[in-house]
Structures are given as C-alpha cells and as structure tokens.
>>> print(open('query.cif').read())   # mmCIF, C-alpha atoms
data_query
#
loop_
_atom_site.group_PDB
_atom_site.id
_atom_site.type_symbol
_atom_site.label_atom_id
_atom_site.label_comp_id
_atom_site.auth_asym_id
_atom_site.auth_seq_id
_atom_site.Cartn_x
_atom_site.Cartn_y
_atom_site.Cartn_z
ATOM 1 C CA MET P 136 133.863 61.198 50.908
ATOM 2 C CA PRO P 137 133.150 64.890 50.157
ATOM 3 C CA VAL P 138 130.476 66.077 47.740
ATOM 4 C CA LYS P 139 131.787 67.696 44.568
ATOM 5 C CA GLN P 140 130.550 71.238 43.873
ATOM 6 C CA TYR P 141 130.261 72.948 40.472
ATOM 7 C CA ASN P 142 130.784 76.522 39.362
ATOM 8 C CA PRO P 143 127.438 78.232 38.547
ATOM 9 C CA THR P 144 128.073 78.460 34.811
ATOM 10 C CA THR P 145 124.390 77.665 34.062
ATOM 11 C CA PRO P 146 121.208 77.685 36.173
ATOM 12 C CA ALA P 147 121.318 73.869 36.325
ATOM 13 C CA ARG P 148 124.941 73.808 37.442
ATOM 14 C CA ARG P 149 124.242 76.294 40.233
ATOM 15 C CA GLY P 150 122.339 73.765 42.345
ATOM 16 C CA MET P 151 124.075 70.612 41.104
ATOM 17 C CA THR P 152 126.430 68.416 43.118
ATOM 18 C CA SER P 153 127.891 65.001 42.418
ATOM 19 C CA GLN P 154 129.810 62.231 44.120
ATOM 20 C CA ASP P 155 133.543 62.424 44.582
ATOM 21 C CA LEU P 156 134.924 59.292 42.921
ATOM 22 C CA SER P 157 138.425 59.606 44.379
ATOM 23 C CA GLU P 158 138.002 56.419 46.439
ATOM 24 C CA ILE P 159 137.311 54.337 43.316
ATOM 25 C CA THR P 160 140.456 52.534 42.172
ATOM 26 C CA THR P 161 139.308 51.254 38.765
ATOM 27 C CA ARG P 162 136.609 52.088 36.223
ATOM 28 C CA LYS P 163 136.731 48.723 34.412
ATOM 29 C CA PRO P 164 134.550 45.972 35.930
ATOM 30 C CA LEU P 165 135.405 42.294 35.798
ATOM 31 C CA LYS P 166 133.700 40.772 32.732
ATOM 32 C CA SER P 167 133.021 37.436 34.421
ATOM 33 C CA LEU P 168 131.015 39.164 37.188
ATOM 34 C CA ILE P 169 128.704 41.320 35.057
ATOM 35 C CA LYS P 170 125.679 40.591 32.890
ATOM 36 C CA THR P 171 123.380 42.581 30.662
ATOM 37 C CA LYS P 172 120.422 44.300 32.276
ATOM 38 C CA LYS P 173 117.192 44.547 30.299
ATOM 39 C CA GLN P 174 115.388 47.875 30.438
ATOM 40 C CA THR P 175 111.861 47.148 31.691
ATOM 41 C CA ALA P 176 110.619 50.755 31.986
ATOM 42 C CA GLY P 177 108.642 49.804 35.077
ATOM 43 C CA ARG P 178 106.696 46.975 33.396
ATOM 44 C CA ASN P 179 106.149 43.457 34.698
ATOM 45 C CA ASN P 180 106.152 40.180 32.755
ATOM 46 C CA GLN P 181 102.650 40.971 31.446
ATOM 47 C CA GLY P 182 103.728 44.294 29.968
ATOM 48 C CA ARG P 183 101.760 46.331 32.487
ATOM 49 C CA ILE P 184 103.300 49.325 34.220
ATOM 50 C CA THR P 185 103.716 48.472 37.894
ATOM 51 C CA VAL P 186 106.173 51.287 38.715
ATOM 52 C CA ARG P 187 105.285 54.644 37.203
ATOM 53 C CA HIS P 188 107.696 57.299 35.924
ATOM 54 C CA ARG P 189 110.381 54.887 34.749
ATOM 55 C CA GLY P 190 111.943 54.610 31.302
ATOM 56 C CA GLY P 191 114.897 55.647 29.165
ATOM 57 C CA GLY P 192 118.199 56.265 30.853
ATOM 58 C CA VAL P 193 121.704 55.137 29.997
ATOM 59 C CA LYS P 194 122.477 51.456 29.494
ATOM 60 C CA ARG P 195 123.943 49.578 32.448
ATOM 61 C CA HIS P 196 125.522 46.224 33.184
ATOM 62 C CA TYR P 197 124.469 44.447 36.347
ATOM 63 C CA ARG P 198 127.197 43.476 38.820
ATOM 64 C CA LEU P 199 126.818 39.998 40.314
ATOM 65 C CA LEU P 200 127.364 40.409 44.061
ATOM 66 C CA ASN P 201 128.021 37.577 46.489
ATOM 67 C CA HIS P 202 125.789 38.234 49.513
ATOM 68 C CA ARG P 203 126.443 34.833 51.159
ATOM 69 C CA LEU P 204 130.150 34.433 51.744
ATOM 70 C CA GLY P 205 131.087 30.904 52.761
ATOM 71 C CA GLU P 206 132.608 29.686 56.009
ATOM 72 C CA GLY P 207 136.325 30.203 56.540
ATOM 73 C CA LEU P 208 137.086 32.509 53.604
ATOM 74 C CA ASN P 209 140.066 34.870 53.628
ATOM 75 C CA LEU P 210 139.445 37.636 51.121
ATOM 76 C CA SER P 211 141.835 40.266 49.821
ATOM 77 C CA VAL P 212 140.414 43.533 48.461
ATOM 78 C CA GLU P 213 141.720 44.100 44.917
ATOM 79 C CA GLU P 214 139.656 47.091 43.772
ATOM 80 C CA ILE P 215 136.937 49.506 44.935
ATOM 81 C CA GLU P 216 134.460 50.056 42.106
ATOM 82 C CA TYR P 217 131.434 52.143 41.211
ATOM 83 C CA ASP P 218 128.140 50.294 40.770
ATOM 84 C CA PRO P 219 125.446 52.111 38.740
ATOM 85 C CA ASN P 220 122.729 49.816 40.137
ATOM 86 C CA ARG P 221 123.097 50.713 43.832
ATOM 87 C CA SER P 222 124.003 53.668 46.010
ATOM 88 C CA ALA P 223 126.869 51.906 47.804
ATOM 89 C CA ARG P 224 130.325 51.184 46.428
ATOM 90 C CA ILE P 225 131.369 47.596 45.731
ATOM 91 C CA ALA P 226 134.677 45.866 46.377
ATOM 92 C CA ARG P 227 136.291 43.274 44.134
ATOM 93 C CA VAL P 228 137.823 40.643 46.405
ATOM 94 C CA LYS P 229 139.835 37.472 45.839
ATOM 95 C CA ASP P 230 139.650 34.457 48.166
ATOM 96 C CA GLN P 231 142.365 31.939 49.063
ATOM 97 C CA TYR P 232 141.171 29.623 46.272
ATOM 98 C CA GLY P 233 141.721 32.228 43.562
ATOM 99 C CA LEU P 234 138.021 33.006 43.028
ATOM 100 C CA ARG P 235 136.901 36.619 42.727
ATOM 101 C CA HIS P 236 133.708 38.090 44.169
ATOM 102 C CA TYR P 237 131.909 41.416 44.355
ATOM 103 C CA ILE P 238 130.770 42.501 47.828
ATOM 104 C CA ILE P 239 129.372 45.720 49.276
ATOM 105 C CA ALA P 240 132.175 48.039 50.371
ATOM 106 C CA ASP P 241 132.070 49.718 53.782
ATOM 107 C CA THR P 242 133.860 52.809 55.043
ATOM 108 C CA GLN P 243 136.932 50.836 56.184
ATOM 109 C CA MET P 244 137.586 48.884 52.983
ATOM 110 C CA THR P 245 140.694 49.904 51.071
ATOM 111 C CA LYS P 246 142.779 48.276 48.396
ATOM 112 C CA GLY P 247 144.887 45.485 49.883
ATOM 113 C CA LYS P 248 142.829 44.951 53.030
ATOM 114 C CA THR P 249 142.185 41.378 54.223
ATOM 115 C CA ILE P 250 138.647 40.304 55.162
ATOM 116 C CA GLU P 251 137.530 37.148 56.942
ATOM 117 C CA SER P 252 134.175 35.369 57.014
ATOM 118 C CA GLY P 253 132.780 32.641 59.224
ATOM 119 C CA SER P 254 132.345 31.837 62.879
ATOM 120 C CA GLU P 255 136.122 31.908 63.472
ATOM 121 C CA ALA P 256 136.652 35.363 61.956
ATOM 122 C CA ALA P 257 138.255 38.073 64.076
ATOM 123 C CA ILE P 258 135.967 40.749 65.529
ATOM 124 C CA GLU P 259 137.171 43.539 63.262
ATOM 125 C CA ALA P 260 135.632 45.975 60.781
ATOM 126 C CA SER P 261 134.456 44.487 57.443
ATOM 127 C CA ASN P 262 134.577 40.872 58.715
ATOM 128 C CA ARG P 263 131.442 38.734 58.414
ATOM 129 C CA MET P 264 130.298 36.393 61.175
ATOM 130 C CA PRO P 265 127.150 35.156 62.996
ATOM 131 C CA LEU P 266 125.355 37.579 65.313
ATOM 132 C CA SER P 267 126.145 35.253 68.227
ATOM 133 C CA ARG P 268 129.835 36.253 67.968
ATOM 134 C CA ILE P 269 129.366 39.996 67.487
ATOM 135 C CA PRO P 270 129.632 42.080 70.697
ATOM 136 C CA VAL P 271 126.577 44.010 71.880
ATOM 137 C CA GLY P 272 126.619 47.641 70.774
ATOM 138 C CA THR P 273 128.504 46.987 67.526
ATOM 139 C CA GLN P 274 127.428 48.706 64.302
ATOM 140 C CA ILE P 275 126.646 46.182 61.559
ATOM 141 C CA TYR P 276 125.278 45.929 58.014
ATOM 142 C CA GLY P 277 124.364 43.252 55.463
ATOM 143 C CA ILE P 278 122.136 41.315 57.863
ATOM 144 C CA GLU P 279 120.548 37.982 56.987
ATOM 145 C CA ILE P 280 116.831 37.486 57.639
ATOM 146 C CA THR P 281 117.056 33.688 57.310
ATOM 147 C CA PRO P 282 120.323 31.878 58.169
ATOM 148 C CA GLY P 283 122.187 30.980 54.990
ATOM 149 C CA ARG P 284 119.974 33.143 52.773
ATOM 150 C CA GLY P 285 122.542 35.922 52.380
ATOM 151 C CA SER P 286 122.484 39.582 53.400
ATOM 152 C CA GLN P 287 119.160 41.245 52.662
ATOM 153 C CA MET P 288 118.887 44.186 55.061
ATOM 154 C CA VAL P 289 120.970 47.345 55.643
ATOM 155 C CA ARG P 290 122.792 47.469 52.296
ATOM 156 C CA ALA P 291 122.275 51.079 51.113
ATOM 157 C CA ALA P 292 124.955 53.770 51.151
ATOM 158 C CA GLY P 293 125.717 55.051 54.652
ATOM 159 C CA ALA P 294 123.344 52.545 56.280
ATOM 160 C CA LYS P 295 124.115 50.928 59.615
ATOM 161 C CA ALA P 296 122.269 48.984 62.300
ATOM 162 C CA GLN P 297 123.223 48.403 65.927
ATOM 163 C CA LEU P 298 123.199 45.163 67.874
ATOM 164 C CA MET P 299 121.289 46.100 71.048
ATOM 165 C CA ALA P 300 121.012 42.840 73.010
ATOM 166 C CA LYS P 301 120.904 39.048 72.851
ATOM 167 C CA GLU P 302 118.061 37.067 74.369
ATOM 168 C CA GLY P 303 118.265 33.306 73.968
ATOM 169 C CA ASP P 304 118.029 32.350 70.311
ATOM 170 C CA TYR P 305 117.383 35.910 69.144
ATOM 171 C CA ALA P 306 119.365 39.122 68.852
ATOM 172 C CA LEU P 307 117.718 42.548 69.101
ATOM 173 C CA ILE P 308 118.892 44.949 66.400
ATOM 174 C CA ARG P 309 117.991 48.598 65.961
ATOM 175 C CA MET P 310 117.473 49.228 62.250
ATOM 176 C CA PRO P 311 118.324 52.477 60.416
ATOM 177 C CA SER P 312 114.626 53.463 60.552
ATOM 178 C CA GLY P 313 114.621 53.221 64.360
ATOM 179 C CA GLU P 314 112.717 49.935 64.397
ATOM 180 C CA VAL P 315 113.953 47.329 66.881
ATOM 181 C CA ARG P 316 113.657 43.840 65.438
ATOM 182 C CA LYS P 317 114.573 40.276 66.381
ATOM 183 C CA PHE P 318 116.948 38.151 64.298
ATOM 184 C CA ARG P 319 118.141 34.607 64.877
ATOM 185 C CA VAL P 320 121.645 34.576 66.365
ATOM 186 C CA GLU P 321 122.695 32.180 63.586
ATOM 187 C CA CYS P 322 122.175 34.945 61.010
ATOM 188 C CA CYS P 323 125.371 36.549 59.717
ATOM 189 C CA ALA P 324 126.244 40.225 59.384
ATOM 190 C CA ASN P 325 129.221 42.421 58.555
ATOM 191 C CA ILE P 326 130.824 44.705 61.105
ATOM 192 C CA GLY P 327 130.962 48.360 60.099
ATOM 193 C CA VAL P 328 129.046 51.006 58.143
ATOM 194 C CA VAL P 329 128.221 50.871 54.422
ATOM 195 C CA GLY P 330 130.428 53.254 52.439
ATOM 196 C CA ASN P 331 129.586 56.302 50.315
ATOM 197 C CA ILE P 332 127.933 57.994 53.296
ATOM 198 C CA GLN P 333 127.502 61.332 51.465
ATOM 199 C CA HIS P 334 125.213 59.817 48.822
ATOM 200 C CA GLN P 335 122.088 61.372 50.359
ATOM 201 C CA ASN P 336 123.557 64.885 50.016
ATOM 202 C CA VAL P 337 123.945 64.763 46.219
ATOM 203 C CA LYS P 338 121.633 67.166 44.338
ATOM 204 C CA ILE P 339 120.598 66.130 40.836
ATOM 205 C CA GLY P 340 120.261 69.755 39.712
ATOM 206 C CA SER P 341 118.842 69.347 36.198
ATOM 207 C CA ALA P 342 115.994 67.575 34.440
ATOM 208 C CA GLY P 343 118.321 65.993 31.872
ATOM 209 C CA ARG P 344 120.430 64.355 34.544
ATOM 210 C CA ARG P 345 117.284 62.871 36.037
ATOM 211 C CA ARG P 346 116.258 61.451 32.666
ATOM 212 C CA ARG P 347 119.682 59.830 32.231
ATOM 213 C CA LYS P 348 119.057 58.064 35.527
ATOM 214 C CA GLY P 349 115.957 56.468 33.988
ATOM 215 C CA ILE P 350 113.377 58.624 35.816
ATOM 216 C CA ARG P 351 110.595 60.145 33.709
ATOM 217 C CA PRO P 352 108.632 63.298 34.601
ATOM 218 C CA THR P 353 105.988 63.220 37.332
ATOM 219 C CA VAL P 354 102.724 65.152 37.010
ATOM 220 C CA ARG P 355 100.683 66.068 40.088
ATOM 221 C CA GLY P 356 97.168 64.710 40.312
ATOM 222 C CA VAL P 357 95.582 68.098 41.146
ATOM 223 C CA VAL P 358 96.556 69.501 37.738
ATOM 224 C CA MET P 359 94.989 66.575 35.835
ATOM 225 C CA ASN P 360 91.460 66.225 34.552
ATOM 226 C CA ALA P 361 88.855 64.444 36.648
ATOM 227 C CA ALA P 362 88.925 61.491 34.217
ATOM 228 C CA ASP P 363 92.639 60.943 34.816
ATOM 229 C CA HIS P 364 92.996 61.234 38.591
ATOM 230 C CA PRO P 365 90.776 61.413 41.699
ATOM 231 C CA HIS P 366 92.396 64.766 42.556
ATOM 232 C CA GLY P 367 91.726 66.216 39.101
ATOM 233 C CA GLY P 368 89.039 68.550 37.879
ATOM 234 C CA GLY P 369 87.632 71.636 39.552
ATOM 235 C CA ASP P 370 86.776 75.156 38.453
ATOM 236 C CA GLY P 371 90.035 76.774 39.472
ATOM 237 C CA GLY P 372 89.128 77.032 43.131
ATOM 238 C CA ARG P 373 90.719 75.381 46.124
ATOM 239 C CA HIS P 374 92.169 71.963 45.348
ATOM 240 C CA GLY P 375 91.519 68.911 47.459
ATOM 241 C CA SER P 376 88.015 69.743 48.715
ATOM 242 C CA GLY P 377 88.785 68.103 52.055
ATOM 243 C CA LYS P 378 88.864 64.551 50.700
ATOM 244 C CA PRO P 379 91.672 62.192 51.723
ATOM 245 C CA PRO P 380 94.471 61.812 49.128
ATOM 246 C CA ARG P 381 94.261 58.848 46.785
ATOM 247 C CA THR P 382 96.294 57.120 44.105
ATOM 248 C CA PRO P 383 95.316 57.401 40.409
ATOM 249 C CA TRP P 384 93.302 54.193 40.907
ATOM 250 C CA GLY P 385 91.346 55.485 43.900
ATOM 251 C CA GLN P 386 93.307 53.701 46.632
ATOM 252 C CA LEU P 387 93.852 55.633 49.862
ATOM 253 C CA THR P 388 97.405 56.863 50.386
ATOM 254 C CA LEU P 389 99.504 59.032 52.750
ATOM 255 C CA GLY P 390 98.641 57.346 56.029
ATOM 256 C CA TYR P 391 96.901 54.266 54.674
ATOM 257 C CA ARG P 392 98.569 51.157 56.087
ATOM 258 C CA THR P 393 100.127 49.005 53.363
ATOM 259 C CA ARG P 394 101.979 46.428 55.489
ATOM 260 C CA ARG P 395 101.097 42.912 54.341
ATOM 261 C CA ARG P 396 103.608 40.611 56.007
ATOM 262 C CA LYS P 397 101.819 40.544 59.338
ATOM 263 C CA TYR P 398 103.328 37.181 60.248
ATOM 264 C CA THR P 399 106.587 39.024 61.053
ATOM 265 C CA ASN P 400 104.909 41.305 63.608
ATOM 266 C CA LYS P 401 106.053 38.930 66.347
ATOM 267 C CA LEU P 402 109.671 39.767 65.462
ATOM 268 C CA ILE P 403 109.216 43.533 65.761
ATOM 269 C CA VAL P 404 109.875 44.733 69.305
ATOM 270 C CA ARG P 405 109.408 48.453 68.601
ATOM 271 C CA THR P 406 108.081 49.885 65.335
ATOM 272 C CA ARG P 407 109.743 52.723 63.489
ATOM 273 C CA HIS P 408 106.703 54.902 64.213
ATOM 274 C CA GLU P 409 107.159 54.551 67.957
ATOM 275 C CA ALA P 410 110.839 55.401 67.575
ATOM 276 C CA LYS P 411 109.991 58.653 65.780
ATOM 277 C CA ARG P 412 107.547 59.724 68.487
ATOM 278 C CA LYS P 413 110.211 59.421 71.176
ATOM 279 C CA ARG P 414 112.742 61.576 69.354
#
>>> encode(input="query.cif", output="structure tokens")
Amino acid sequence: MPVKQYNPTTPARRGMTSQDLSEITTRKPLKSLIKTKKQTAGRNNQGRITVRHRGGGVKRHYRLLNHRLGEGLNLSVEEIEYDPNRSARIARVKDQYGLRHYIIADTQMTKGKTIESGSEAAIEASNRMPLSRIPVGTQIYGIEITPGRGSQMVRAAGAKAQLMAKEGDYALIRMPSGEVRKFRVECCANIGVVGNIQHQNVKIGSAGRRRRKGIRPTVRGVVMNAADHPHGGGDGGRHGSGKPPRTPWGQLTLGYRTRRRKYTNKLIVRTRHEAKRKR
C-alpha cells in the first residue's frame, strides 16, 4: 500500500501524507457488527482525567471484532474495510453457517479468499491454528496469551512476530519489539503479517487534522509555571537544572521502570532492551 502525497498548495499540505484506500472494497460497515462509542475525553468512570491531551474529534462507531474464531470454521472474505478505531484494516468474513464476523486483515487477504481456523487448518497465510502446528520460523500475528482467550498480541498495522523454537509445552516467539517470550503451544495465532504496513509513514501535517483525530494540544513542562509542573519556573536561564525529568505529579519518568506484572518475568527469555543492545 503506497502513501498518498499532496501538492503543496498550503504550508500544511506540503508536509501532509495520507493512506491510500485503494485496497478497501466498501465504505459501508455492517450495522449488526457496530455499536456506538462514547467519547470519554481521557476520563475514567470517576470523571478524572487518566489520559491527558484527549478530547473532541469526529464521531466514530466501534466495530465488533471476533478475536477467538472457533474450531473448524471455513470463512470467506466478503469485504476489506477501514476501521477508524485501529491502525490495521479489517475483513468482513462469512462462515459456513451463514454468520458474519469482523477480523483483522493481513497483507494476503483479498475479496473472495477462503480462510480456515482450528487444529486441522492448512498451513497457509491468514489461517488460524495452535502454535503446536505452525512450523518454526513462520511469521505470525494475533497471538493468544491464554488458550481460548482470543488474540491479544501483535495486532497493529504492519506488526509481525516470528516463531523461533518449541520446547516442551512452550513455544518461543520473537515479538515486534525484539523481546523473546514463551507462549503455551495450545495458544492460537494467525499466519502472516498484519496489513496496512505503510501506516507508520503517514504524516499528519496540520494541527486541525490532529484535532479531528481526538488529540488535543500538548504543552511542554519547561514553559509552564513552577506551580503547574516540576519543570516549570526559572528566570529565563538554562532549563532543567540537572534534575531528572518528572511527570506533572512529580513521578520520575524517562528511564524510570514502570513494569508491574512481574509474575510474567519467568516467560520472558530475552527482554526488548537486551535485543536493542545487540543490534
């Protein structure tokens, strides 16, 4: 999928690019598989802002995706659609029982293609099966963390993981970050690479386009007053004063370890930090 360029008719257009939607076959989603999405503006159920710089933006409908395809399904791709809630494309598929589902579309999905799921599925692109049946070295996506829970990892546009080895009840998978992690061989995954691989190369280009995406302006801490941010204040001299960077609430950041789920450390064979050092 190429990135669409614009003529420099305005300063904003000069640096703006957008996605080429030529691979999308329909612009009308299935009504039975969408629901309204409430605008939260970054607030939780108590009304407190937990994610800053969110608000506004165009209205969207949420697409109901099926991340846990059942055993022995034969699916036919009817349409490739745009999803405003995720970076990847989605595919509208129909199973042998006449039911329709939305799934994440990979680079090999086209209108009319047949997809299989389950332990008896053929080892081909887009098919979903347990890790125990996938050959070592295969690129995969949509990986389950817990068997039967549904795909939770490697779902973004252009993302892919690689099955490195199988050791007993566990499979070693190299994640997109470079981390090598263990998964149960009963966990399912799709073969292939998530579509819309050029998503990361799109340049927003203008402030208005960013606001329509629901992202509000961000102000640096060093230009605030001392009462508003730990980096604020000063007499116009050198900013920072040698102190470590902090959040607006005084918490250390940029290097401060925030990992909480330490019970999964036993499943990590090589961290993403070690992978970056060896590159």
>>> closest_residue(input="query.cif", among="P:Arg345, P:Arg355, P:Arg319, P:Lys246", to="Leu402 in chain P", atoms="all atoms listed in the file")
P:Arg319
>>> resolve_selection(input="query.cif", expression="the PyMOL selection byres ((chain P and resi 383) around 9)", output="count of residues only")
10
>>> atom_distance(input="query.cif", atom1="CA of Gly343 in chain P", atom2="CA of Met359 in chain P")
23.7 Å
>>> closest_residue(input="query.cif", among="P:Arg344, P:Lys194, P:Lys295, P:Arg235", to="Ser312 in chain P", atoms="all atoms listed in the file")
P:Lys295
>>> resolve_selection(input="query.cif", expression="the PyMOL selection byres ((chain P and resi 270-278) around 7)", output="PyMOL selection string")
chain P and resi 268-269+279-280+286-290+295-300+323-329
>>> atom_distance(input="query.cif", atom1="CA of Arg198 in chain P", atom2="CA of Ala226 in chain P")
10.9 Å
>>> residues_around(input="query.cif", residues="range 163-173 of chain P", least_positions_apart="4", cutoff="7 Å", atoms="all atoms listed in the file", output="MDAnalysis selection string")
chainID P and resid 195:199
>>> atom_distance(input="query.cif", atom1="CA of Gln174 in chain P", atom2="CA of Gly191 in chain P")
7.9 Å
>>> closest_residue(input="query.cif", among="P:Glu409, P:Asp241, P:Asp155, P:Glu251", to="Ser211 in chain P", atoms="all atoms listed in the file")
P:Glu251
>>> closest_residue(input="query.cif", among="P:Arg203, P:His188, P:Arg395, P:Arg162", to="Pro282 in chain P", atoms="all atoms listed in the file")
P:Arg203
>>> closest_residue(input="query.cif", among="P:Gly177, P:Val320, P:Asn201, P:Arg224", to="Pro265 in chain P", atoms="only C-alpha atoms")
P:Val320
>>> closest_residue(input="query.cif", among="P:Met151, P:Ile215, P:Val404, P:Ala306", to="Phe318 in chain P", atoms="all atoms listed in the file")
P:Ala306
>>> resolve_selection(input="query.cif", expression="the PyMOL selection byres ((chain P and resi 352) around 10)", output="list of chain:residue names")
P:Arg187, P:His188, P:Arg189, P:Gly190, P:Ala342, P:Arg345, P:Arg346, P:Ile350, P:Arg351, P:Thr353, P:Val354
>>> residues_around(input="query.cif", residues="Pro379 in chain P", least_positions_apart="5", cutoff="10 Å", atoms="only C-alpha atoms", output="number ranges by chain")
P: 366, 387-391
>>> axis_aligned_box(input="query.cif", around="range 247-250 of chain P", padding_each_side="4 Å", output="lines of an AutoDock Vina configuration file")
center_x = 141.8
center_y = 42.9
center_z = 52.5
size_x = 14.2
size_y = 13.2
size_z = 13.3
>>> residues_around(input="query.cif", residues="Thr406 in chain P", least_positions_apart="3", cutoff="8 Å", atoms="all atoms listed in the file", output="ChimeraX atom specification")
/P:313-315,403,409-410
>>> build_atoms(input="query.cif", residues="range 250-267 of chain P", atoms="N, CA and C atoms", output="JSON list (two decimals), keeping the file's coordinate frame")
[["chain", "number", "residue", "atom", "x", "y", "z"],
["P", 250, "ILE", "N", 139.95, 40.48, 54.53],
["P", 250, "ILE", "CA", 138.65, 40.30, 55.16],
["P", 250, "ILE", "C", 138.44, 38.82, 55.44],
["P", 251, "GLU", "N", 137.82, 38.52, 56.57],
["P", 251, "GLU", "CA", 137.53, 37.15, 56.94],
["P", 251, "GLU", "C", 136.03, 36.95, 57.07],
["P", 252, "SER", "N", 135.58, 35.72, 56.84],
["P", 252, "SER", "CA", 134.18, 35.37, 57.01],
["P", 252, "SER", "C", 134.07, 34.04, 57.73],
["P", 253, "GLY", "N", 133.00, 33.89, 58.51],
["P", 253, "GLY", "CA", 132.78, 32.64, 59.22],
["P", 253, "GLY", "C", 132.78, 32.83, 60.73],
["P", 254, "SER", "N", 132.45, 31.77, 61.43],
["P", 254, "SER", "CA", 132.34, 31.84, 62.88],
["P", 254, "SER", "C", 133.68, 32.02, 63.57],
["P", 255, "GLU", "N", 134.80, 31.75, 62.88],
["P", 255, "GLU", "CA", 136.12, 31.91, 63.47],
["P", 255, "GLU", "C", 136.79, 33.22, 63.08],
["P", 256, "ALA", "N", 136.07, 34.10, 62.40],
["P", 256, "ALA", "CA", 136.65, 35.36, 61.96],
["P", 256, "ALA", "C", 136.91, 36.28, 63.14],
["P", 257, "ALA", "N", 137.93, 37.11, 63.01],
["P", 257, "ALA", "CA", 138.26, 38.07, 64.08],
["P", 257, "ALA", "C", 137.19, 39.16, 64.14],
["P", 258, "ILE", "N", 136.97, 39.70, 65.34],
["P", 258, "ILE", "CA", 135.97, 40.75, 65.53],
["P", 258, "ILE", "C", 136.59, 42.08, 65.13],
["P", 259, "GLU", "N", 136.60, 42.33, 63.82],
["P", 259, "GLU", "CA", 137.17, 43.54, 63.26],
["P", 259, "GLU", "C", 136.25, 44.07, 62.17],
["P", 260, "ALA", "N", 136.46, 45.33, 61.80],
["P", 260, "ALA", "CA", 135.63, 45.98, 60.78],
["P", 260, "ALA", "C", 135.73, 45.22, 59.47],
["P", 261, "SER", "N", 134.61, 45.11, 58.76],
["P", 261, "SER", "CA", 134.46, 44.49, 57.44],
["P", 261, "SER", "C", 134.33, 42.97, 57.51],
["P", 262, "ASN", "N", 134.69, 42.33, 58.62],
["P", 262, "ASN", "CA", 134.58, 40.87, 58.72],
["P", 262, "ASN", "C", 133.12, 40.46, 58.87],
["P", 263, "ARG", "N", 132.82, 39.25, 58.38],
["P", 263, "ARG", "CA", 131.44, 38.73, 58.41],
["P", 263, "ARG", "C", 131.39, 37.51, 59.31],
["P", 264, "MET", "N", 130.40, 37.48, 60.20],
["P", 264, "MET", "CA", 130.30, 36.39, 61.18],
["P", 264, "MET", "C", 128.87, 36.33, 61.70],
["P", 265, "PRO", "N", 128.49, 35.25, 62.41],
["P", 265, "PRO", "CA", 127.15, 35.16, 63.00],
["P", 265, "PRO", "C", 126.94, 36.22, 64.08],
["P", 266, "LEU", "N", 125.69, 36.58, 64.29],
["P", 266, "LEU", "CA", 125.36, 37.58, 65.31],
["P", 266, "LEU", "C", 125.75, 37.10, 66.71],
["P", 267, "SER", "N", 125.80, 35.79, 66.91],
["P", 267, "SER", "CA", 126.14, 35.25, 68.23],
["P", 267, "SER", "C", 127.57, 35.62, 68.63]]
